[in-house]
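Enquirer: Okay, here's the structure, questions in a sec.
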Amino acid sequence: DQQVKQNSPSLSVQEGRISILNCDYTNSMFDYFLWYKKYPAEGPTFLISISSIKDKNEDGRFTVFLNKSAKHLSLHIVPSQPGDSAVYFCAAYSGGGADGLTFGKGTHLIIQP
Amino acid sequence: NAGVTQTPKFQVLKTGQSMTLQCAQDMNHNSMYWYRQDPGMGLRLIYYSASEGTTDKGEVPNGYNVSRLNKREFSLRLESAAPSQTSVYFCASTLRGGRTDTQYFGPGTRLTVL
């Protein structure tokens, strides 16, 4: 039973355009959400996070939106750059968080020139 | 600062063999984690250690054991490897283990069990 779902295995976007990556969750106990970026043969690196008490968090070109009622979050990248080509994982914490993250399956973002 | 380091980077085992994956962090973090990633899947938590001296099971602990050797090191042991344990293993650490803490990941160990 997947609690964090990323339904698009891949996404292709032109350089300079907006990339929108989506994530849905089923566990209402999740109260903190993170996006990680992963290049091949490397570990995931933290990108941006959002607490359930907020509906938006922005960091440079990256913005995460949270819709609690729909149990949906999205990551917007504007403008998309070639270095953004990677796999993006949505992840969530519940409770205290010391017991680790629950990850989605990831979305492979491809930025085309 | 090396961050989170993992050894080895690659390993091939035969069914039934044992091995230990090593993880170390130099960030003075309290909490450490082991995840596995299978093709087309997200990372799944195997075991975690909220602080030195404690370990707990995650989502997929069967077939694994862990040791929190000291604050820096957290090892994962496969006592009798099985083909189903073919995966990429990631170690991670956070300062306090709280949900607002960023988890920092190592580069991974790619394990193949024949």
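Identifiers for the structure tokens are assigned positionally: chains receive A, B, ... in sequence, residues are indexed from 1 per chain, and ligands are indexed from 1 in the order shown.
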Could you please write out, as JSON, numbers by chain, every residue of chain B that DSSP assigns to strand (DSSP E)?
Expert: {"B": [4, 5, 6, 7, 10, 11, 12, 13, 19, 20, 21, 22, 23, 24, 25, 31, 32, 33, 34, 35, 36, 37, 43, 44, 45, 46, 47, 48, 49, 56, 57, 64, 65, 66, 67, 68, 74, 75, 76, 77, 78, 87, 88, 89, 90, 91, 92, 93, 94, 104, 105, 109, 110, 111, 112, 113]}
Enquirer: Could you produce a table of the residues of chain B lying within 9 Å of chain A, with the nearest pair of atoms per residue and their separation in Å rounded to one decimal, using only C-alpha atoms, ordered by chain and increasing residue number, as CSV?
Expert:
```
residue,atom,partner,partner_atom,distance
B:Ser31,CA,A:Ala98,CA,7.2
B:Met32,CA,A:Gly100,CA,8.9
B:Tyr33,CA,A:Gly100,CA,7.1
B:Gly40,CA,A:Lys105,CA,6.3
B:Met41,CA,A:Lys105,CA,4.5
B:Gly42,CA,A:Lys105,CA,3.8
B:Leu43,CA,A:Phe103,CA,5.7
B:Arg44,CA,A:Thr102,CA,6.9
B:Leu45,CA,A:Gly100,CA,6.8
B:Tyr47,CA,A:Asp99,CA,8.6
B:Tyr48,CA,A:Asp99,CA,6.6
B:Ser49,CA,A:Asp99,CA,8.2
B:Ala50,CA,A:Ala98,CA,5.8
B:Asp56,CA,A:Asp99,CA,8.0
B:Lys57,CA,A:Asp99,CA,8.7
B:Gly58,CA,A:Asp99,CA,7.2
B:Phe90,CA,A:Gly43,CA,6.9
B:Cys91,CA,A:Gly43,CA,8.7
B:Thr94,CA,A:Ala98,CA,8.8
B:Arg96,CA,A:Ala98,CA,7.7
B:Gly97,CA,A:Ala98,CA,4.2
B:Gly98,CA,A:Gly97,CA,4.9
B:Arg99,CA,A:Gly97,CA,4.2
B:Thr100,CA,A:Tyr32,CA,7.3
B:Asp101,CA,A:Gly97,CA,8.5
B:Thr102,CA,A:Phe46,CA,6.9
B:Gln103,CA,A:Phe46,CA,7.3
B:Tyr104,CA,A:Thr45,CA,6.8
B:Phe105,CA,A:Gly43,CA,5.4
B:Gly106,CA,A:Gly43,CA,5.4
B:Pro107,CA,A:Gly43,CA,4.3
B:Gly108,CA,A:Gly43,CA,6.0
B:Arg110,CA,A:Ala41,CA,9.0
```
Enquirer: So which one's closest to Asp1 in chain A, B:Glu79, B:Glu59, B:Asn70, B:Leu114? Using only C-alpha atoms, please.
Expert: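 Comparing B:Glu79, B:Glu59, B:Asn70, B:Leu114 against Asp1 in chain A, the winner is B:Glu59.
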Enquirer: Work out how far apart CA of Gln2 in chain A and CA of Ser69 in chain A are and give it in Å to one decimal.
Expert: 18.6 Å
Enquirer: Just want the 8 Å neighbourhood of range 14-22 of chain A, counted on only C-alpha atoms, with same-chain residues fewer than 2 positions away dropped. Output as a list in words.
Expert: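 The residues satisfying every condition are Gln6, Asn7, Ser8, Ser12, Asp24, His72, Leu73, Ser74, Leu75, His76, Ile77, Val78, Pro79, Ser80, Gln81, Pro82, Thr107, Ile111, Gln112 and Pro113 of chain A.
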Enquirer: I'd like the neighbourhood of Gln17 in chain B as a VMD selection string, where a residue qualifies if any of its atoms comes within 9 Å (using only C-alpha atoms), though same-chain residues fewer than 6 positions away should be ignored.
Expert: chain B and resid 78 to 82 113
Enquirer: Keeping only N, CA and C atoms, take the residues you just selected and write them out as a PDB file, in the first residue's frame.
Expert:
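File result08.pdb, as written:
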```pdb
ATOM      1  N   LEU B  78      24.113  -8.370   6.179  1.00  0.00           N
ATOM      2  CA  LEU B  78      23.313  -9.415   5.551  1.00  0.00           C
ATOM      3  C   LEU B  78      23.933 -10.744   5.978  1.00  0.00           C
ATOM      4  N   GLU B  79      23.237 -11.524   6.762  1.00  0.00           N
ATOM      5  CA  GLU B  79      23.804 -12.766   7.297  1.00  0.00           C
ATOM      6  C   GLU B  79      23.847 -13.869   6.246  1.00  0.00           C
ATOM      7  N   SER B  80      22.806 -13.954   5.426  1.00  0.00           N
ATOM      8  CA  SER B  80      22.727 -14.975   4.390  1.00  0.00           C
ATOM      9  C   SER B  80      22.022 -14.353   3.189  1.00  0.00           C
ATOM     10  N   ALA B  81      22.838 -13.815   2.287  1.00  0.00           N
ATOM     11  CA  ALA B  81      22.281 -13.005   1.201  1.00  0.00           C
ATOM     12  C   ALA B  81      21.368 -13.823   0.287  1.00  0.00           C
ATOM     13  N   ALA B  82      20.320 -13.151  -0.196  1.00  0.00           N
ATOM     14  CA  ALA B  82      19.372 -13.753  -1.125  1.00  0.00           C
ATOM     15  C   ALA B  82      19.235 -12.856  -2.359  1.00  0.00           C
ATOM     16  N   VAL B 113      23.205  -9.936  -5.744  1.00  0.00           N
ATOM     17  CA  VAL B 113      23.270 -11.275  -5.162  1.00  0.00           C
ATOM     18  C   VAL B 113      22.892 -12.282  -6.237  1.00  0.00           C
TER      19      VAL B 113
END
```
Enquirer: With only C-alpha atoms as the counted atoms, please give the residues lying no more than 8 Å from Ser10 in chain A, apart from itself and same-chain residues fewer than 5 positions off, as a ChimeraX atom specification.
Expert: /A:107-110
Enquirer: Could you pull the residues within 9 Å of Ser28 in chain A, counting only C-alpha atoms, minus those fewer than 2 positions along the same chain, as a PyMOL selection string?
Expert: chain A and resi 25-26+30-31+68+71+94
Enquirer: Which neighbours of Thr7 in chain B fall inside 9 Å, counting only C-alpha atoms, when residues of the same chain fewer than 2 positions from it are skipped, and could you give them as a count of residues only?
Expert: 9
